[in-house]
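Shown here: coords_0.pdb, PDB, C-alpha atoms.
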```pdb
ATOM      1  CA  GLY U 195      92.944  65.411 112.463
ATOM      2  CA  GLU U 196      93.504  69.063 113.192
ATOM      3  CA  ASN U 197      90.650  71.527 112.547
ATOM      4  CA  VAL U 198      92.011  74.996 111.973
ATOM      5  CA  GLU U 199      90.030  78.212 111.789
ATOM      6  CA  GLN U 200      91.544  81.536 110.887
ATOM      7  CA  HIS U 201      89.975  84.985 111.247
ATOM      8  CA  PRO U 202      89.409  87.329 109.630
ATOM      9  CA  SER U 203      89.479  86.101 106.041
ATOM     10  CA  THR U 204      90.230  89.631 104.824
ATOM     11  CA  LEU U 205      91.765  92.484 106.790
ATOM     12  CA  SER U 206      92.269  95.985 105.470
ATOM     13  CA  VAL U 207      94.307  98.448 107.544
ATOM     14  CA  GLN U 208      95.842 101.839 106.998
ATOM     15  CA  GLU U 209      99.573 101.944 106.503
ATOM     16  CA  GLY U 210     101.239 102.421 109.877
ATOM     17  CA  ASP U 211      98.409 100.816 111.830
ATOM     18  CA  SER U 212      98.536  97.383 113.463
ATOM     19  CA  ALA U 213      97.028  94.129 112.219
ATOM     20  CA  VAL U 214      96.030  91.061 114.214
ATOM     21  CA  ILE U 215      95.108  87.669 112.779
ATOM     22  CA  LYS U 216      93.795  84.859 114.967
ATOM     23  CA  CYS U 217      94.098  81.113 114.497
ATOM     24  CA  THR U 218      92.046  78.585 116.466
ATOM     25  CA  TYR U 219      92.886  74.892 116.473
ATOM     26  CA  SER U 220      91.288  71.731 117.826
ATOM     27  CA  ASP U 221      94.103  69.288 118.598
ATOM     28  CA  SER U 222      95.367  69.846 122.127
ATOM     29  CA  ALA U 223      98.488  67.835 121.246
ATOM     30  CA  SER U 224      99.670  70.549 118.840
ATOM     31  CA  ASN U 225     102.946  71.998 120.068
ATOM     32  CA  TYR U 226     104.301  74.045 117.182
ATOM     33  CA  PHE U 227     102.581  77.153 115.844
ATOM     34  CA  PRO U 228     103.983  78.788 112.685
ATOM     35  CA  TRP U 229     102.748  81.632 110.532
ATOM     36  CA  TYR U 230     103.451  81.674 106.799
ATOM     37  CA  LYS U 231     103.259  84.610 104.398
ATOM     38  CA  GLN U 232     102.393  84.060 100.751
ATOM     39  CA  GLU U 233     102.942  86.823  98.237
ATOM     40  CA  LEU U 234     101.290  86.746  94.844
ATOM     41  CA  GLY U 235     102.831  84.149  92.556
ATOM     42  CA  LYS U 236     105.090  82.713  95.243
ATOM     43  CA  GLY U 237     105.076  79.831  97.667
ATOM     44  CA  PRO U 238     104.472  80.407 101.389
ATOM     45  CA  GLN U 239     107.382  81.511 103.522
ATOM     46  CA  LEU U 240     107.758  81.100 107.268
ATOM     47  CA  ILE U 241     107.773  84.472 109.022
ATOM     48  CA  ILE U 242     107.518  83.529 112.683
ATOM     49  CA  ASP U 243     106.800  80.521 114.835
ATOM     50  CA  ILE U 244     106.314  79.657 118.480
ATOM     51  CA  ARG U 245     106.541  76.523 120.545
ATOM     52  CA  SER U 246     104.087  75.392 123.190
ATOM     53  CA  ASN U 247     106.322  76.241 126.123
ATOM     54  CA  VAL U 248     106.448  79.924 125.172
ATOM     55  CA  GLY U 249     103.619  82.460 125.397
ATOM     56  CA  GLU U 250     104.940  85.179 123.105
ATOM     57  CA  LYS U 251     107.679  85.727 120.568
ATOM     58  CA  LYS U 252     108.704  88.907 118.765
ATOM     59  CA  ASP U 253     110.784  89.593 115.711
ATOM     60  CA  GLN U 254     110.989  93.297 114.896
ATOM     61  CA  ARG U 255     107.498  94.349 113.748
ATOM     62  CA  ILE U 256     105.892  90.946 113.986
ATOM     63  CA  ALA U 257     104.929  88.902 117.021
ATOM     64  CA  VAL U 258     103.039  85.741 117.799
ATOM     65  CA  THR U 259     101.117  85.065 120.995
ATOM     66  CA  LEU U 260      99.864  81.690 122.144
ATOM     67  CA  ASN U 261      97.038  80.705 124.464
ATOM     68  CA  LYS U 262      97.258  76.938 124.780
ATOM     69  CA  THR U 263      94.386  76.703 127.224
ATOM     70  CA  ALA U 264      92.010  78.348 124.789
ATOM     71  CA  LYS U 265      93.741  76.706 121.802
ATOM     72  CA  HIS U 266      94.422  79.778 119.766
ATOM     73  CA  PHE U 267      97.394  81.835 118.669
ATOM     74  CA  SER U 268      97.637  85.184 116.958
ATOM     75  CA  LEU U 269      99.892  87.044 114.558
ATOM     76  CA  HIS U 270     100.515  90.701 115.337
ATOM     77  CA  ILE U 271     102.031  93.102 112.822
ATOM     78  CA  THR U 272     102.792  96.633 113.989
ATOM     79  CA  GLU U 273     103.589  99.732 111.918
ATOM     80  CA  THR U 274     102.287  98.013 108.789
ATOM     81  CA  GLN U 275     103.954  98.752 105.463
ATOM     82  CA  PRO U 276     102.862  98.174 101.845
ATOM     83  CA  GLU U 277     105.121  95.111 101.605
ATOM     84  CA  ASP U 278     103.070  93.456 104.349
ATOM     85  CA  SER U 279     100.213  93.067 101.860
ATOM     86  CA  ALA U 280      99.936  89.291 101.316
ATOM     87  CA  VAL U 281      98.001  86.226 102.386
ATOM     88  CA  TYR U 282      98.910  84.855 105.812
ATOM     89  CA  PHE U 283      98.396  81.249 106.853
ATOM     90  CA  CYS U 284      98.637  79.559 110.226
ATOM     91  CA  ALA U 285      99.574  75.868 110.423
ATOM     92  CA  PRO U 286      99.408  74.466 113.968
ATOM     93  CA  THR U 287     100.908  71.039 114.260
ATOM     94  CA  PHE U 288     102.409  68.405 116.486
ATOM     95  CA  GLY U 289     106.037  67.733 115.841
ATOM     96  CA  GLY U 290     106.674  70.809 113.678
ATOM     97  CA  GLY U 291     105.561  69.472 110.337
ATOM     98  CA  GLY U 292     109.027  68.230 109.610
ATOM     99  CA  ALA U 293     107.875  64.668 109.166
ATOM    100  CA  ASP U 294     104.154  64.867 108.545
ATOM    101  CA  GLY U 295     103.347  67.888 106.416
ATOM    102  CA  LEU U 296     101.170  70.808 107.420
ATOM    103  CA  THR U 297      97.470  71.541 107.829
ATOM    104  CA  PHE U 298      96.912  75.175 106.921
ATOM    105  CA  GLY U 299      94.207  77.564 107.970
ATOM    106  CA  LYS U 300      92.096  79.099 105.196
ATOM    107  CA  GLY U 301      94.269  82.188 105.077
ATOM    108  CA  THR U 302      93.873  85.906 105.750
ATOM    109  CA  HIS U 303      94.260  88.398 102.939
ATOM    110  CA  LEU U 304      95.927  91.435 104.489
ATOM    111  CA  ILE U 305      95.560  94.656 102.530
ATOM    112  CA  ILE U 306      97.603  97.694 103.531
ATOM    113  CA  GLN U 307      95.914 100.909 102.413
ATOM    114  CA  PRO U 308      98.323 103.771 101.599
TER
ATOM    115  CA  SER G  60     117.718  76.839 104.344
ATOM    116  CA  ALA G  61     116.656  75.330 101.037
ATOM    117  CA  VAL G  62     115.815  76.777  97.639
ATOM    118  CA  ILE G  63     113.206  74.844  95.705
ATOM    119  CA  SER G  64     112.794  75.051  91.927
ATOM    120  CA  GLN G  65     109.710  73.792  90.170
ATOM    121  CA  LYS G  66     109.193  73.203  86.474
ATOM    122  CA  PRO G  67     107.082  74.178  84.666
ATOM    123  CA  SER G  68     105.942  77.348  86.384
ATOM    124  CA  ARG G  69     102.676  77.208  84.476
ATOM    125  CA  ASP G  70     100.969  75.153  81.781
ATOM    126  CA  ILE G  71      97.718  74.885  79.914
ATOM    127  CA  CYS G  72      96.743  71.298  79.158
ATOM    128  CA  GLN G  73      94.003  69.464  77.322
ATOM    129  CA  ARG G  74      91.631  67.332  79.334
ATOM    130  CA  GLY G  75      92.492  63.655  79.329
ATOM    131  CA  THR G  76      96.245  64.281  79.147
ATOM    132  CA  SER G  77      98.857  64.094  81.909
ATOM    133  CA  LEU G  78     101.415  66.585  83.180
ATOM    134  CA  THR G  79     104.553  65.864  85.165
ATOM    135  CA  ILE G  80     105.849  68.559  87.499
ATOM    136  CA  GLN G  81     109.461  68.503  88.600
ATOM    137  CA  CYS G  82     110.826  69.683  91.928
ATOM    138  CA  GLN G  83     114.522  70.205  92.583
ATOM    139  CA  VAL G  84     115.995  71.231  95.935
ATOM    140  CA  ASP G  85     119.426  72.826  96.179
ATOM    141  CA  SER G  86     120.433  70.950  99.323
ATOM    142  CA  GLN G  87     119.827  67.590 100.885
ATOM    143  CA  VAL G  88     116.491  67.457 102.615
ATOM    144  CA  THR G  89     114.803  64.845 104.712
ATOM    145  CA  MET G  90     111.163  65.187 103.754
ATOM    146  CA  MET G  91     109.460  66.311 100.550
ATOM    147  CA  PHE G  92     105.762  67.008 100.138
ATOM    148  CA  TRP G  93     103.301  67.986  97.443
ATOM    149  CA  TYR G  94     100.409  70.395  98.052
ATOM    150  CA  ARG G  95      97.522  71.660  95.963
ATOM    151  CA  GLN G  96      96.202  75.197  96.202
ATOM    152  CA  GLN G  97      93.052  76.080  94.323
ATOM    153  CA  PRO G  98      92.756  79.733  93.277
ATOM    154  CA  GLY G  99      92.174  81.965  96.290
ATOM    155  CA  GLN G 100      92.169  79.002  98.652
ATOM    156  CA  SER G 101      94.436  77.425 101.224
ATOM    157  CA  LEU G 102      96.996  74.676 100.671
ATOM    158  CA  THR G 103      95.982  71.023 100.946
ATOM    159  CA  LEU G 104      98.546  68.274 101.428
ATOM    160  CA  ILE G 105      98.443  65.711  98.624
ATOM    161  CA  ALA G 106     101.190  63.332  99.711
ATOM    162  CA  THR G 107     104.583  62.796 101.256
ATOM    163  CA  ALA G 108     107.204  61.834  98.699
ATOM    164  CA  ASN G 109     109.313  59.020 100.106
ATOM    165  CA  GLN G 110     112.756  58.352  98.739
ATOM    166  CA  GLY G 111     112.940  55.029  96.957
ATOM    167  CA  SER G 112     109.456  53.895  97.936
ATOM    168  CA  GLU G 113     105.808  54.637  97.299
ATOM    169  CA  ALA G 114     104.495  57.999  98.370
ATOM    170  CA  THR G 115     102.143  58.332 101.333
ATOM    171  CA  TYR G 116      98.843  59.857 100.221
ATOM    172  CA  GLU G 117      96.366  61.926 102.216
ATOM    173  CA  SER G 118      92.689  61.136 102.287
ATOM    174  CA  GLY G 119      91.076  62.018  98.990
ATOM    175  CA  PHE G 120      94.215  61.598  96.895
ATOM    176  CA  VAL G 121      95.211  58.374  95.146
ATOM    177  CA  ILE G 122      98.310  57.100  93.424
ATOM    178  CA  ASP G 123      96.594  56.412  90.104
ATOM    179  CA  LYS G 124      95.626  60.069  89.800
ATOM    180  CA  PHE G 125      98.746  61.631  91.332
ATOM    181  CA  PRO G 126     101.739  59.311  90.889
ATOM    182  CA  ILE G 127     104.811  60.628  92.690
ATOM    183  CA  SER G 128     108.443  59.691  92.413
ATOM    184  CA  ARG G 129     111.437  60.599  94.538
ATOM    185  CA  PRO G 130     114.522  58.856  93.177
ATOM    186  CA  ASN G 131     116.960  60.719  95.429
ATOM    187  CA  LEU G 132     117.110  63.146  98.354
ATOM    188  CA  THR G 133     116.809  66.324  96.305
ATOM    189  CA  PHE G 134     114.412  65.557  93.435
ATOM    190  CA  SER G 135     110.754  64.618  93.126
ATOM    191  CA  THR G 136     108.066  64.569  90.476
ATOM    192  CA  LEU G 137     104.287  64.795  90.667
ATOM    193  CA  THR G 138     102.172  63.672  87.733
ATOM    194  CA  VAL G 139      98.597  64.818  87.352
ATOM    195  CA  SER G 140      96.984  62.056  85.296
ATOM    196  CA  ASN G 141      93.970  62.020  83.007
ATOM    197  CA  MET G 142      93.326  65.666  83.742
ATOM    198  CA  SER G 143      89.934  67.329  83.948
ATOM    199  CA  PRO G 144      89.081  71.020  84.467
ATOM    200  CA  GLU G 145      88.649  70.279  88.193
ATOM    201  CA  ASP G 146      92.411  69.662  88.363
ATOM    202  CA  SER G 147      93.086  73.295  87.499
ATOM    203  CA  SER G 148      95.051  74.502  90.473
ATOM    204  CA  ILE G 149      98.466  75.493  91.764
ATOM    205  CA  TYR G 150     100.674  72.582  92.752
ATOM    206  CA  LEU G 151     103.467  73.273  95.232
ATOM    207  CA  CYS G 152     106.473  71.263  96.248
ATOM    208  CA  SER G 153     107.730  71.583  99.813
ATOM    209  CA  ALA G 154     110.719  70.275 101.724
ATOM    210  CA  THR G 155     112.035  70.235 105.249
ATOM    211  CA  THR G 156     115.697  69.937 106.117
ATOM    212  CA  SER G 157     115.162  67.802 109.165
ATOM    213  CA  GLY G 158     112.778  65.046 110.178
ATOM    214  CA  GLY G 159     112.798  66.379 113.692
ATOM    215  CA  ARG G 160     110.469  68.699 115.543
ATOM    216  CA  ASN G 161     109.657  72.315 114.899
ATOM    217  CA  THR G 162     111.194  72.398 111.461
ATOM    218  CA  GLU G 163     110.716  75.113 108.879
ATOM    219  CA  ALA G 164     109.036  74.041 105.657
ATOM    220  CA  PHE G 165     110.317  75.566 102.413
ATOM    221  CA  PHE G 166     108.150  75.903  99.321
ATOM    222  CA  GLY G 167     108.687  76.178  95.612
ATOM    223  CA  GLN G 168     106.980  78.967  93.695
ATOM    224  CA  GLY G 169     104.309  76.585  92.472
ATOM    225  CA  THR G 170     103.092  75.285  89.125
ATOM    226  CA  ARG G 171      99.915  76.916  87.882
ATOM    227  CA  LEU G 172      97.951  74.332  85.904
ATOM    228  CA  THR G 173      94.955  75.152  83.732
ATOM    229  CA  VAL G 174      93.027  72.287  82.157
ATOM    230  CA  VAL G 175      90.829  73.124  79.175
TER
END
```
Could you spell out this file's structure in structure tokens?
Amino acid sequence: GENVEQHPSTLSVQEGDSAVIKCTYSDSASNYFPWYKQELGKGPQLIIDIRSNVGEKKDQRIAVTLNKTAKHFSLHITETQPEDSAVYFCAPTFGGGGADGLTFGKGTHLIIQP
Amino acid sequence: SAVISQKPSRDICQRGTSLTIQCQVDSQVTMMFWYRQQPGQSLTLIATANQGSEATYESGFVIDKFPISRPNLTFSTLTVSNMSPEDSSIYLCSATTSGGRNTEAFFGQGTRLTVV
């Protein structure tokens, strides 16, 4: 099965600064790399994803980069805002998780300091 | 997209009893899953809820402890049986709208269970 490591476990940044969270995986067959955001008292929500044939994807202030050779991908958040405070999970998988469910990383608690 | 409703949102139960959690999706989905999330921890997949047949359980989870039903495409239940304090956790229902590749997973808000 997939072994997923996520770092750091906690990240505190000043509002307006950038945040980077890294996810390392073991299964070279993985071809879909999503990031989920979980706010307090809610279920996770997909915020961005990338497929194995793409190296980078951006959506406004968030981006994901993939290094398939090194088997890691990262979430980048620029110009952080208070509403970015949450727990972020990566969930690398083969086939997108549509049929098989997801294996999540341990999560990163992002704290935005005002 | 899909909106997932779970009931109850929270409960406090006596050890030795059972609790059934309901999950309703507002649109037809292909796959439904149940996860457990212990406080401050990540999500762990319990099982895939299969329509009209027995659920498929992950290692460490068994049907006698976590019976699951899925009578139709949009509804599923998870029962936590013969509860002990170690079962205190958040249980989340998830669904995907396609069985294909690279598909977004949607989650309910979770059921926070405390066993005393």
Quiz item: Between CA of Phe120 (chain G) and CA of Phe92 (chain G), what is the distance, to one decimal in Å?
Solution: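 Distance reported for this atom pair: 13.2 Å.
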Quiz item: What is the CA of Glu163 (chain G)-CA of Glu113 (chain G) distance in Å, reported with one decimal?
Solution: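 These atoms are spaced 24.0 Å apart.
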When the PyMOL selection byres ((chain G) within 10 of (chain U)) is applied to the file above, which residues end up in the set, as a JSON list (two decimals) with C-alpha atoms, in the frame of the given file?
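Result went into out-v5.json, see below:
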```json
[["chain", "number", "residue", "atom", "x", "y", "z"],
["G", 63, "ILE", "CA", 113.21, 74.84, 95.70],
["G", 68, "SER", "CA", 105.94, 77.35, 86.38],
["G", 89, "THR", "CA", 114.80, 64.84, 104.71],
["G", 90, "MET", "CA", 111.16, 65.19, 103.75],
["G", 91, "MET", "CA", 109.46, 66.31, 100.55],
["G", 92, "PHE", "CA", 105.76, 67.01, 100.14],
["G", 93, "TRP", "CA", 103.30, 67.99, 97.44],
["G", 94, "TYR", "CA", 100.41, 70.40, 98.05],
["G", 99, "GLY", "CA", 92.17, 81.96, 96.29],
["G", 100, "GLN", "CA", 92.17, 79.00, 98.65],
["G", 101, "SER", "CA", 94.44, 77.42, 101.22],
["G", 102, "LEU", "CA", 97.00, 74.68, 100.67],
["G", 103, "THR", "CA", 95.98, 71.02, 100.95],
["G", 104, "LEU", "CA", 98.55, 68.27, 101.43],
["G", 105, "ILE", "CA", 98.44, 65.71, 98.62],
["G", 106, "ALA", "CA", 101.19, 63.33, 99.71],
["G", 107, "THR", "CA", 104.58, 62.80, 101.26],
["G", 115, "THR", "CA", 102.14, 58.33, 101.33],
["G", 149, "ILE", "CA", 98.47, 75.49, 91.76],
["G", 150, "TYR", "CA", 100.67, 72.58, 92.75],
["G", 151, "LEU", "CA", 103.47, 73.27, 95.23],
["G", 152, "CYS", "CA", 106.47, 71.26, 96.25],
["G", 153, "SER", "CA", 107.73, 71.58, 99.81],
["G", 154, "ALA", "CA", 110.72, 70.28, 101.72],
["G", 155, "THR", "CA", 112.04, 70.24, 105.25],
["G", 156, "THR", "CA", 115.70, 69.94, 106.12],
["G", 157, "SER", "CA", 115.16, 67.80, 109.16],
["G", 158, "GLY", "CA", 112.78, 65.05, 110.18],
["G", 159, "GLY", "CA", 112.80, 66.38, 113.69],
["G", 160, "ARG", "CA", 110.47, 68.70, 115.54],
["G", 161, "ASN", "CA", 109.66, 72.32, 114.90],
["G", 162, "THR", "CA", 111.19, 72.40, 111.46],
["G", 163, "GLU", "CA", 110.72, 75.11, 108.88],
["G", 164, "ALA", "CA", 109.04, 74.04, 105.66],
["G", 165, "PHE", "CA", 110.32, 75.57, 102.41],
["G", 166, "PHE", "CA", 108.15, 75.90, 99.32],
["G", 167, "GLY", "CA", 108.69, 76.18, 95.61],
["G", 168, "GLN", "CA", 106.98, 78.97, 93.70],
["G", 169, "GLY", "CA", 104.31, 76.58, 92.47],
["G", 170, "THR", "CA", 103.09, 75.28, 89.12],
["G", 171, "ARG", "CA", 99.92, 76.92, 87.88]]
```
Exercise. Apply the PyMOL selection byres ((chain U and resi 270) around 7) to the file shown and report the selected residues as a VMD selection string.
Key: chain U and resid 213 to 215 256 to 258 268 to 269 271 to 272
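If you count all atoms listed in the file and draw a sphere of 7 Å around (119.4, 67.1, 97.3), the protein and nucleic acid residues inside it come out as G:Val84, G:Asp85, G:Ser86, G:Gln87, G:Val88, G:Leu132, G:Thr133, G:Phe134.
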Export C-alpha atoms of the chosen residues as a PDB file, keeping the file's coordinate frame?
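The resulting out.pdb:
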```
ATOM      1  CA  VAL G  84     115.995  71.231  95.935  1.00  0.00           C
ATOM      2  CA  ASP G  85     119.426  72.826  96.179  1.00  0.00           C
ATOM      3  CA  SER G  86     120.433  70.950  99.323  1.00  0.00           C
ATOM      4  CA  GLN G  87     119.827  67.590 100.885  1.00  0.00           C
ATOM      5  CA  VAL G  88     116.491  67.457 102.615  1.00  0.00           C
ATOM      6  CA  LEU G 132     117.110  63.146  98.354  1.00  0.00           C
ATOM      7  CA  THR G 133     116.809  66.324  96.305  1.00  0.00           C
ATOM      8  CA  PHE G 134     114.412  65.557  93.435  1.00  0.00           C
TER       9      PHE G 134
END
```
Self-check item: Result set of the PyMOL selection byres ((chain G and resi 65) around 6) on the coordinates above, as a count of residues only
Solution: 4
